[in-house]
Structures are given as structure tokens and as C-alpha cells.
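entry.cif (mmCIF, C-alpha atoms and all ligand atoms)
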data_run
#
loop_
_atom_site.label_atom_id
_atom_site.label_comp_id
_atom_site.auth_asym_id
_atom_site.auth_seq_id
_atom_site.Cartn_x
_atom_site.Cartn_y
_atom_site.Cartn_z
CA MET E 1 77.40 92.11 196.97
CA THR E 2 78.91 95.53 197.43
CA ASP E 3 81.44 97.01 195.07
CA ASP E 4 84.16 96.34 197.59
CA THR E 5 83.63 92.61 197.50
CA LEU E 6 83.03 92.42 193.75
CA GLN E 7 85.59 90.13 192.20
CA ARG E 8 87.58 91.97 189.56
CA VAL E 9 88.02 90.32 186.17
CA ASN E 10 91.63 89.50 185.35
CA LEU E 11 92.25 90.85 181.86
CA LEU E 12 95.32 88.69 181.42
CA GLY E 13 94.58 85.49 179.56
CA LEU E 14 91.06 86.46 178.52
CA PRO E 15 90.45 85.22 174.97
CA LYS E 16 89.69 88.02 172.50
CA ALA E 17 86.01 87.12 172.18
CA GLU E 18 85.56 87.24 175.96
CA LEU E 19 87.42 90.50 176.22
CA GLU E 20 85.17 91.95 173.51
CA ALA E 21 82.09 90.75 175.38
CA PHE E 22 83.43 92.27 178.58
CA VAL E 23 84.08 95.70 177.08
CA GLY E 24 80.72 95.42 175.27
CA GLU E 25 79.02 94.99 178.65
CA MET E 26 80.52 98.31 179.65
CA GLY E 27 79.08 99.93 176.55
CA SER E 28 82.35 100.08 174.61
CA LYS E 29 83.09 99.03 171.06
CA PRO E 30 84.93 95.75 170.27
CA PHE E 31 88.03 97.59 169.04
CA ARG E 32 88.68 98.58 172.67
CA ALA E 33 89.46 94.91 173.29
CA ARG E 34 92.14 95.04 170.64
CA GLN E 35 93.61 98.17 172.20
CA LEU E 36 93.64 96.45 175.56
CA MET E 37 95.41 93.40 174.14
CA SER E 38 98.00 95.63 172.59
CA TRP E 39 98.69 97.31 175.95
CA LEU E 40 98.81 93.99 177.76
CA TYR E 41 100.85 91.88 175.40
CA LYS E 42 102.77 94.21 173.13
CA ARG E 43 103.73 96.84 175.67
CA GLY E 44 103.51 94.77 178.81
CA GLU E 45 101.45 97.37 180.63
CA GLY E 46 99.88 96.16 183.84
CA ASP E 47 98.47 99.46 185.07
CA ILE E 48 95.10 100.28 183.54
CA ALA E 49 95.47 103.95 184.45
CA ALA E 50 98.58 104.14 182.26
CA MET E 51 96.76 102.96 179.11
CA THR E 52 96.62 106.50 177.83
CA ASP E 53 94.82 106.10 174.52
CA LEU E 54 91.73 104.73 176.25
CA ALA E 55 89.09 107.31 177.20
CA LYS E 56 89.42 108.45 180.80
CA ASP E 57 85.98 107.31 181.90
CA PHE E 58 86.49 103.94 180.23
CA ARG E 59 89.74 103.57 182.17
CA ALA E 60 87.93 104.50 185.36
CA GLN E 61 85.23 101.90 184.69
CA LEU E 62 87.87 99.32 183.87
CA THR E 63 89.84 100.01 187.03
CA GLU E 64 86.72 99.35 189.03
CA ARG E 65 85.79 96.09 187.35
CA ALA E 66 89.05 94.67 186.07
CA GLU E 67 92.68 94.14 186.95
CA VAL E 68 95.91 92.76 185.56
CA ALA E 69 96.92 90.10 188.07
CA VAL E 70 100.10 88.05 187.71
CA PRO E 71 101.61 85.44 190.02
CA THR E 72 103.86 86.80 192.76
CA ILE E 73 107.55 86.04 192.57
CA VAL E 74 108.73 84.17 195.66
CA LYS E 75 112.34 83.77 194.61
CA THR E 76 114.64 84.46 191.65
CA GLN E 77 117.83 82.52 190.99
CA VAL E 78 120.44 83.00 188.30
CA ALA E 79 122.68 80.10 187.31
CA SER E 80 126.33 80.44 186.33
CA ASP E 81 125.35 79.92 182.67
CA GLY E 82 122.80 82.76 182.76
CA THR E 83 119.75 80.52 183.12
CA ARG E 84 117.17 82.11 185.41
CA LYS E 85 114.61 80.39 187.54
CA TRP E 86 111.66 82.06 189.23
CA VAL E 87 109.64 80.42 191.94
CA LEU E 88 106.08 81.74 191.73
CA SER E 89 103.32 81.62 194.29
CA ALA E 90 100.13 79.68 193.60
CA GLY E 91 98.68 80.85 196.92
CA ASN E 92 98.01 78.64 199.96
CA ASP E 93 101.69 77.96 200.43
CA GLN E 94 101.97 76.32 196.99
CA ALA E 95 104.53 77.27 194.39
CA PHE E 96 105.48 76.55 190.80
CA GLU E 97 108.47 77.46 188.66
CA MET E 98 109.46 78.93 185.33
CA VAL E 99 112.88 79.03 183.72
CA PHE E 100 114.48 81.33 181.14
CA ILE E 101 117.26 79.84 179.05
CA PRO E 102 119.32 82.37 177.08
CA GLU E 103 121.14 81.17 173.99
CA GLU E 104 123.00 83.04 171.29
CA ASP E 105 120.23 82.94 168.72
CA ARG E 106 117.18 82.65 170.95
CA GLY E 107 115.71 83.01 174.41
CA THR E 108 113.49 80.20 175.62
CA LEU E 109 111.01 80.47 178.44
CA CYS E 110 110.03 77.13 179.98
CA ILE E 111 106.67 77.47 181.73
CA SER E 112 104.57 75.31 184.04
CA SER E 113 100.99 74.20 183.48
CA GLN E 114 100.20 72.64 186.87
CA VAL E 115 101.30 72.79 190.50
CA GLY E 116 102.81 69.32 190.68
CA CYS E 117 101.80 66.47 188.39
CA VAL E 118 99.67 63.33 188.59
CA LEU E 119 101.73 61.32 186.14
CA ASP E 120 104.24 59.28 187.97
CA CYS E 121 107.23 59.27 185.62
CA THR E 122 109.90 57.59 187.71
CA PHE E 123 112.77 59.90 186.69
CA CYS E 124 111.04 63.27 187.23
CA ALA E 125 111.32 65.42 190.35
CA THR E 126 107.90 66.99 189.82
CA ALA E 127 106.30 63.53 189.98
CA GLN E 128 107.75 62.92 193.44
CA GLN E 129 105.82 65.90 194.66
CA GLY E 130 102.30 64.81 193.84
CA PHE E 131 99.67 67.15 192.52
CA ASN E 132 97.97 70.19 193.93
CA ARG E 133 96.04 71.95 191.17
CA ASN E 134 95.84 73.12 187.58
CA LEU E 135 97.17 76.58 186.83
CA THR E 136 94.60 79.02 185.43
CA THR E 137 94.96 80.49 181.96
CA ALA E 138 95.91 83.80 183.60
CA GLU E 139 98.67 82.08 185.57
CA ILE E 140 100.01 80.39 182.45
CA VAL E 141 99.91 83.57 180.35
CA GLY E 142 101.07 85.52 183.42
CA GLN E 143 104.37 83.61 183.43
CA VAL E 144 105.29 84.93 179.98
CA TRP E 145 104.06 88.43 180.85
CA LEU E 146 106.06 88.42 184.05
CA ALA E 147 109.23 87.05 182.49
CA ASN E 148 109.02 89.69 179.76
CA ARG E 149 108.77 92.35 182.44
CA GLU E 150 111.61 90.85 184.48
CA LEU E 151 113.89 90.52 181.50
CA GLY E 152 112.99 93.93 180.12
CA TRP E 153 110.63 94.53 177.21
CA GLN E 154 112.64 95.31 174.16
CA VAL E 155 110.03 95.44 171.49
CA GLY E 156 107.83 98.34 170.52
CA PRO E 157 104.29 97.78 169.29
CA GLY E 158 104.19 96.62 165.71
CA GLU E 159 107.67 95.17 165.60
CA LYS E 160 107.83 91.43 165.35
CA GLU E 161 110.74 89.30 166.46
CA LYS E 162 113.39 92.01 166.43
CA GLY E 163 114.97 92.63 169.79
CA ARG E 164 112.72 90.27 171.60
CA ILE E 165 114.24 88.52 174.59
CA ILE E 166 111.76 85.67 174.78
CA THR E 167 111.61 84.17 171.30
CA ASN E 168 110.46 80.67 172.20
CA ILE E 169 108.02 79.25 174.72
CA VAL E 170 108.09 75.61 175.80
CA LEU E 171 105.45 74.01 178.00
CA MET E 172 108.03 71.79 179.64
CA GLY E 173 107.95 73.02 183.22
CA MET E 174 105.94 71.49 186.03
CA GLY E 175 102.87 69.49 185.09
CA GLU E 176 101.32 67.73 182.13
CA PRO E 177 99.89 70.42 179.84
CA LEU E 178 97.38 68.10 178.18
CA ALA E 179 95.94 67.19 181.59
CA ASN E 180 95.06 70.89 181.94
CA PHE E 181 93.66 71.20 178.45
CA ARG E 182 90.92 73.72 179.29
CA ASN E 183 93.34 76.35 180.56
CA VAL E 184 96.35 75.56 178.39
CA ILE E 185 94.60 75.94 175.02
CA PRO E 186 93.48 79.57 175.49
CA ALA E 187 96.97 80.39 176.80
CA ILE E 188 98.60 78.94 173.67
CA ARG E 189 96.17 80.93 171.53
CA ILE E 190 97.38 84.12 173.21
CA PHE E 191 101.02 83.15 172.67
CA LEU E 192 100.34 82.72 168.94
CA ASP E 193 97.76 85.44 168.34
CA ASP E 194 99.07 88.47 166.47
CA LEU E 195 97.18 90.58 168.99
CA GLY E 196 98.80 88.58 171.78
CA PHE E 197 102.50 87.72 172.10
CA ASP E 198 102.57 87.00 168.38
CA ILE E 199 105.09 84.15 168.49
CA SER E 200 105.38 81.85 165.49
CA ARG E 201 103.77 78.44 165.86
CA ARG E 202 107.11 76.71 165.39
CA ARG E 203 108.43 78.55 168.46
CA VAL E 204 105.71 77.47 170.87
CA THR E 205 106.17 73.84 171.90
CA LEU E 206 103.85 71.72 173.99
CA SER E 207 105.51 68.67 175.53
CA THR E 208 103.36 65.75 176.61
CA SER E 209 104.01 62.41 178.25
CA GLY E 210 101.49 60.93 175.82
CA LEU E 211 97.84 61.58 176.68
CA VAL E 212 96.63 60.13 173.39
CA PRO E 213 92.98 61.31 173.32
CA GLN E 214 94.08 64.84 174.15
CA ILE E 215 96.62 64.83 171.29
CA TYR E 216 93.68 64.24 168.91
CA LYS E 217 91.78 67.06 170.57
CA LEU E 218 94.82 69.33 170.39
CA ALA E 219 94.98 68.76 166.64
CA GLU E 220 91.54 70.36 166.36
CA GLU E 221 92.27 73.31 168.61
CA VAL E 222 95.68 74.91 168.11
CA ASN E 223 98.61 74.81 165.81
CA CYS E 224 101.87 74.67 167.78
CA ALA E 225 104.93 72.42 167.79
CA LEU E 226 104.56 69.07 169.54
CA ALA E 227 107.14 67.27 171.67
CA VAL E 228 106.51 63.85 173.11
CA SER E 229 108.31 62.23 176.03
CA LEU E 230 109.13 58.81 174.60
CA HIS E 231 112.07 57.68 176.74
CA ALA E 232 111.97 54.01 175.68
CA PRO E 233 111.80 52.09 172.39
CA ASN E 234 109.38 49.39 173.59
CA ASP E 235 106.24 49.14 175.70
CA GLU E 236 107.75 47.02 178.43
CA LEU E 237 110.41 49.56 179.31
CA ARG E 238 108.25 52.64 178.63
CA SER E 239 105.53 51.37 180.95
CA GLN E 240 108.09 51.26 183.75
CA LEU E 241 109.40 54.77 183.11
CA VAL E 242 106.27 56.58 181.93
CA PRO E 243 103.35 54.73 183.53
CA ILE E 244 100.71 56.38 181.31
CA ASN E 245 102.07 54.01 178.65
CA ARG E 246 100.10 51.20 180.29
CA LYS E 247 96.99 53.03 179.22
CA HIS E 248 98.13 54.37 175.82
CA ASN E 249 100.91 52.31 174.31
CA ILE E 250 103.64 53.39 171.91
CA ALA E 251 101.78 52.32 168.74
CA GLU E 252 98.70 54.34 169.76
CA LEU E 253 100.86 57.28 170.72
CA LEU E 254 102.74 57.37 167.43
CA GLU E 255 99.51 57.16 165.47
CA ALA E 256 98.22 60.20 167.38
CA CYS E 257 101.46 62.07 166.61
CA TRP E 258 101.25 61.48 162.85
CA HIS E 259 97.60 62.48 162.94
CA TYR E 260 98.58 65.73 164.68
CA LEU E 261 101.10 66.54 161.95
CA ASP E 262 98.59 65.76 159.19
CA GLU E 263 95.97 68.00 160.73
CA GLN E 264 98.29 70.84 161.58
CA ASN E 265 100.49 70.82 158.54
CA GLY E 266 103.41 70.30 160.90
CA ARG E 267 106.85 69.25 159.83
CA SER E 268 107.88 66.84 162.55
CA VAL E 269 107.34 65.74 166.13
CA THR E 270 110.26 65.99 168.55
CA PHE E 271 110.64 62.89 170.69
CA GLU E 272 112.36 63.44 174.01
CA TYR E 273 114.49 60.64 175.35
CA VAL E 274 116.04 60.93 178.81
CA MET E 275 119.40 59.14 179.04
CA LEU E 276 119.40 56.89 182.10
CA ASP E 277 122.61 55.00 182.79
CA GLY E 278 122.17 51.26 182.17
CA VAL E 279 118.38 51.57 181.82
CA ASN E 280 117.48 52.79 178.31
CA ASP E 281 120.86 53.83 176.88
CA GLN E 282 122.21 50.62 175.36
CA PRO E 283 123.05 50.20 171.64
CA GLU E 284 120.18 47.73 171.24
CA HIS E 285 117.78 50.38 172.53
CA ALA E 286 119.10 52.78 169.91
CA ARG E 287 118.64 50.21 167.15
CA GLU E 288 115.11 49.45 168.30
CA LEU E 289 114.34 53.17 168.40
CA ALA E 290 115.73 53.67 164.90
CA ARG E 291 113.49 50.87 163.59
CA LEU E 292 110.50 52.46 165.31
CA LEU E 293 110.99 55.94 163.87
CA LYS E 294 112.91 55.48 160.63
CA GLY E 295 111.29 57.25 157.69
CA LYS E 296 108.85 59.06 159.97
CA PRO E 297 108.58 62.83 160.46
CA ALA E 298 110.43 62.59 163.77
CA LYS E 299 113.35 64.29 165.46
CA LEU E 300 114.99 62.89 168.54
CA ASN E 301 116.19 64.99 171.42
CA LEU E 302 118.39 63.11 173.87
CA ILE E 303 118.24 64.61 177.38
CA PRO E 304 121.06 63.75 179.79
CA PHE E 305 119.27 62.77 183.01
CA ASN E 306 119.26 65.52 185.65
CA PRO E 307 119.49 64.08 189.12
CA PHE E 308 117.43 65.18 192.12
CA PRO E 309 117.49 64.08 195.77
CA GLY E 310 116.29 60.53 196.33
CA THR E 311 116.45 59.41 192.70
CA GLN E 312 117.36 55.83 191.84
CA TYR E 313 118.88 56.85 188.46
CA ARG E 314 122.22 58.10 187.21
CA ARG E 315 122.99 60.11 184.10
CA SER E 316 124.43 58.10 181.22
CA PRO E 317 128.11 58.94 180.67
CA LEU E 318 128.68 61.37 177.78
CA ALA E 319 130.42 58.66 175.75
CA ALA E 320 127.34 56.44 176.03
CA ILE E 321 125.07 59.32 174.98
CA GLU E 322 127.25 60.05 171.95
CA ARG E 323 127.39 56.39 171.00
CA PHE E 324 123.60 56.24 171.28
CA ARG E 325 123.28 59.32 169.07
CA ASP E 326 125.65 57.90 166.46
CA GLU E 327 123.76 54.61 166.36
CA LEU E 328 120.49 56.51 165.78
CA MET E 329 122.04 58.67 163.07
CA GLN E 330 123.32 55.58 161.31
CA GLY E 331 119.77 54.31 161.54
CA GLY E 332 118.68 57.38 159.57
CA LEU E 333 117.27 59.57 162.33
CA VAL E 334 117.74 63.27 163.05
CA VAL E 335 119.17 63.54 166.57
CA THR E 336 120.30 66.28 168.92
CA ILE E 337 121.66 66.14 172.45
CA ARG E 338 120.01 68.67 174.75
CA LYS E 339 122.46 70.91 176.53
CA THR E 340 122.08 70.80 180.27
CA ARG E 341 121.31 74.30 181.46
CA GLY E 342 120.85 75.79 184.90
CA ASP E 343 121.56 72.60 186.82
CA ASP E 344 123.44 74.45 189.56
CA ILE E 345 120.13 76.05 190.59
CA ASP E 346 117.99 72.96 189.94
CA ALA E 347 116.49 74.56 186.86
CA ALA E 348 117.25 71.76 184.40
CA CYS E 349 114.66 69.43 182.83
CA GLY E 350 112.91 67.35 185.42
CA GLN E 351 114.33 69.27 188.37
CA LEU E 352 111.48 71.72 188.81
CA ALA E 353 109.77 71.04 192.06
CA GLY E 354 108.23 74.29 193.27
CA GLN E 355 106.38 73.60 196.42
CA VAL E 356 103.50 71.17 196.61
CA THR E 357 102.56 70.65 200.21
CA ASP E 358 98.84 70.17 199.99
CA ARG E 359 98.62 67.21 197.66
CA ILE E 360 95.41 65.84 196.30
CA THR E 361 94.62 62.70 194.35
CA VAL E 362 93.19 62.98 190.87
CA ARG E 363 91.84 60.35 188.56
CA LEU E 364 92.90 60.56 184.97
CA GLY E 365 90.35 58.89 182.69
CA SER E 366 88.75 55.82 184.13
CA LYS E 367 91.80 54.49 185.96
CA THR E 368 94.20 55.90 188.48
CA PHE E 369 97.10 55.02 186.27
CA GLY E 370 100.60 55.66 187.46
CA LEU E 371 99.16 57.49 190.36
CA GLN E 372 100.30 57.10 193.89
CA VAL E 373 97.82 58.09 196.48
CA ARG E 374 99.52 60.67 198.61
CA ALA E 375 97.87 61.89 201.70
N1 LIG E 401 104.72 66.54 181.37
C1 LIG E 401 105.32 66.94 180.14
C2 LIG E 401 106.26 68.13 180.24
C3 LIG E 401 107.20 68.21 181.39
S1 LIG E 401 108.85 67.72 181.41
C4 LIG E 401 106.05 65.77 179.53
O1 LIG E 401 106.16 64.74 180.17
O2 LIG E 401 106.50 65.88 178.40
C5 LIG E 401 109.80 68.16 180.06
C6 LIG E 401 110.78 67.03 179.68
O3 LIG E 401 111.76 66.77 180.70
C7 LIG E 401 110.04 65.72 179.46
O4 LIG E 401 110.50 65.08 178.32
C8 LIG E 401 110.42 64.96 180.69
O5 LIG E 401 110.26 63.59 180.51
C9 LIG E 401 111.86 65.37 180.89
N2 LIG E 401 112.38 65.06 182.24
C10 LIG E 401 111.67 64.83 183.36
N3 LIG E 401 112.49 64.56 184.39
C11 LIG E 401 113.75 64.62 183.92
C12 LIG E 401 115.05 64.48 184.50
N4 LIG E 401 115.19 64.23 185.80
N5 LIG E 401 116.12 64.63 183.71
C13 LIG E 401 116.00 64.94 182.40
N6 LIG E 401 114.79 65.10 181.80
C14 LIG E 401 113.69 64.94 182.53
#

For this file, produce the structure as C-alpha cells.
Amino acid sequence: MTDDTLQRVNLLGLPKAELEAFVGEMGSKPFRARQLMSWLYKRGEGDIAAMTDLAKDFRAQLTERAEVAVPTIVKTQVASDGTRKWVLSAGNDQAFEMVFIPEEDRGTLCISSQVGCVLDCTFCATAQQGFNRNLTTAEIVGQVWLANRELGWQVGPGEKEKGRIITNIVLMGMGEPLANFRNVIPAIRIFLDDLGFDISRRRVTLSTSGLVPQIYKLAEEVNCALAVSLHAPNDELRSQLVPINRKHNIAELLEACWHYLDEQNGRSVTFEYVMLDGVNDQPEHARELARLLKGKPAKLNLIPFNPFPGTQYRRSPLAAIERFRDELMQGGLVVTIRKTRGDDIDAACGQLAGQVTDRITVRLGSKTFGLQVRA
């Protein structure tokens, strides 16, 4: 292999230990890795030549062997409420999306973990698309890096939250993060690491449809907030809406959630519940849900359904959502209704579709649960 064809190492997303090993290989001391992380994550520098406190010959060596590669932006859209959506290229004509949601007291970046999804949740636009591939750690970390650059870095090295535009990260974009465990975990570590983006563990949320074995594994690996897509108070209905429930039922799922909190010293799990008109939004559903979660370290987040072309569902009327919330509150639960943001640019929950043209079929565990074979 000549130098020209040598694959450069992408510095973005490399765990600290690997970065140290890499600079060690070049004859440099481990603290160089820390300097590099500071340039990458604190200052958002993507040009190795501009990292001025690194020795010139070290920079030259680095430029030869390494790069800072981020996904290319295909399209940027800004909604009337200020929500921004970026369509990012995954190469080979595939695309995925990330969304920035500005609020008065915070700025949330919603990132993707996969191009498409294998779980076949009936009310989700991503599911209709099928699955193409897992995103790499660099592509996951690259979303936050890129959004920071797009929105304008406002924080100098050393400062913590002050002036930061992105204060919260949610893994609620395209894909099932726990089905891409290998790449998602190192990315979360970089979000939390004080040498990385240095975001508090309560402000990084992983949302899962309920891959029970991976929730146990997660408890051993990282300490972030957990959200779980519940969407129904009983197995019969949940199995229709979230087919992975046929493999891991509600009782198993809840046990895994409480285990996660015990292990991680967490305060509560947020349960997401999409409000589908006439399907899961009746007062008896609310009462059943209250019985299921009463006295548990749980918060409920009701999400008004966001429609997409071809869907069989309708959003529950606001009055029904409020009645549902009141019923749950009377049942002793903590409940919020999620504000719909960015729906005029299809940036709301469940509307992210990117572009998945080259679909492949993947087996999850021993069965092809909830999976439609798409050619
Ligand atoms: N795969 C992960 C994260 C992706 S979706 C998960 O299932 O949790 C983030 C949230 O949006 C999930 O709770 C998901 O169920 C919900 N969602 C999906 N489609 C939706 C839609 N059309 N309207 C409202 N919420 C939706």
C-alpha cells in the first residue's frame, strides 16, 4: 500500500484510550491525546494544521495519517418555530437526519443511530423505510460536532454549560440505538466525558423501543438518562404497535428499567407514549397505565402522534390527550405532554425518514421479529 492509498484514521469518535495508543504509535506522549480531544470537542476544530499548540512535526505526521471527517450536509431546513433539520449523507445515496430543537432554557439535538430501522413500529415513518446500516461512532459523534459548528460554538475551553447552544442530546432520531450498541456506547462516552463534549448524564438521553438484554448491558457500560417507548398499557396492544414486545414483554421490560436505575443511581425512567386516536388513548388505557407504573420511578411523556404519508393513524384530539393526562395524574403519575416541534418540515418525532433506498434484512436475536423482508 502506498501512502496515497493509506486509509486515514478519523480522530472524531475515537475513545481516549485508542487516541492515546494512536499518538503513542507516532512516538508522542499520551497527553497529546488530551490536547487533541480539547481541540476536537471543546473548540470544534476540524483542521489539524490549525491546532497550534501541537508541535509542527507532530501536526505534519497527524495530517498524513489522520483526519477529522464528518458527514456531509445534503440539506438544511428551518421550521417556523426555529427547529432545524439537517439531512446528512451516509454515502451510496443513503441519508439520515438530525434535528435541533431550541427552547428558552435549553437546546436539544436529536440524533440518529442508524440509517433506517429494523423494528417495525407501526406508527413510525422510519420503520416504513426499512434498514440500510448502522452509523459508525464517528458519524454519531459527528452529528453533534457538525451541529455545534452549524449553530456556532459559543463556549471557550474550560467553560462548562455557559453559553452553550446544544445543552441536551437525545438519541431519538432514526434507528434503534440499542441495536447499534457497539457504536453508540463509545459515542455516549464522548458526549459525557469531561474531555469530550462534557454534557451532564441527565442531559444525554437514550430512547429505546425495549431491547431488554441490551438494557442490562447498557447498565454496565454508561450512565445516561433512559427513555423507553411504551405506547400501550398491556401486552396485547403493545405487541401490535411495537412488535419487539412479542419477544420481550412489558413485565420483562419494566424489570430491566428498574435494574438500570439501580445500577446507575438514576432517578427515573421516562416512558414515551404516542397518542393515537381511538387506539391507545381511552380513559381505561390511562387507568391501566397508572396501575402499571404507580409508585415506580417513572415519568410519562405523552407524544401527540405526528402523521406521515400512508399512515393508518390519526393524532388524538388535544382534549383526549389532556383527559388522558389528567387521568394519569389522578392515578399518581408524573406526566408531561411533548410539544410538537418542527412538524412543518417533517422534523417531529417519528417523521424522520432520511433516505433509505438500498434496504437490507437483518435478524435481531434468534427471530426476525417485527421485521418485514424488503427487497
Ligand atoms: N428507536 C427508538 C428511538 C427513536 S424514536 C425508540 O423507539 O425509542 C423516538 C420516539 O418517537 C419514540 O418514542 C417513538 O416511538 C416515537 N415516535 C415514532 N413515530 C412517531 C410518530 N409518528 N409520532 C409521534 N411519535 C413517534

### Query
Could you pull the residues within 10 Å of Arg106 in chain E, counting all atoms listed in the file, minus those fewer than 4 positions along the same chain, as a ChimeraX atom specification?
/E:101-102,164-168,203

### Query
Which residues come within 8 Å of Leu171 in chain E, counting all atoms listed in the file, excluding same-chain residues fewer than 2 positions away, as a list in words?
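Those residues are Cys110, Ile111, Ser112, Ser113, Ile169, Gly173, Pro177, Val204, Thr205, Leu206 and Ser207 of chain E.
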
### Task
List all protein, DNA and RNA residues that have any atom at most 6 Å from ligand LIG 401 (chain E), counting all atoms listed in the file, and write the list as a ChimeraX atom specification.
/E:123-124,172-176,207-209,228-229,272,274,303-307,349-351

### Message
Calculated over all atoms listed in the file, which of the candidates E:Asn10, E:Gln77, E:Thr270, E:Gln240 has the smallest distance to Ala225 in chain E?
### Response
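Among the listed residues, the smallest separation from Ala225 in chain E belongs to E:Thr270.
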
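For the set E:Leu333, E:Ala95, E:Val144, E:Ala298, the residue with the smallest atom-to-atom gap to Gly44 in chain E is E:Val144, counting all atoms listed in the file.
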
### Message
At a cut-off of 10 Å, using all atoms listed in the file, what residues contact Thr336 in chain E? Leave out same-chain residues fewer than 3 positions from it and give the result as a VMD selection string.
### Response
chain E and resid 272 299 to 303 322 325 329 333 339

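The residue that comes closest to Glu236 in chain E, out of E:Asn280, E:Thr340, E:Leu62, E:Asp53 and on the basis of only C-alpha atoms, is E:Asn280.
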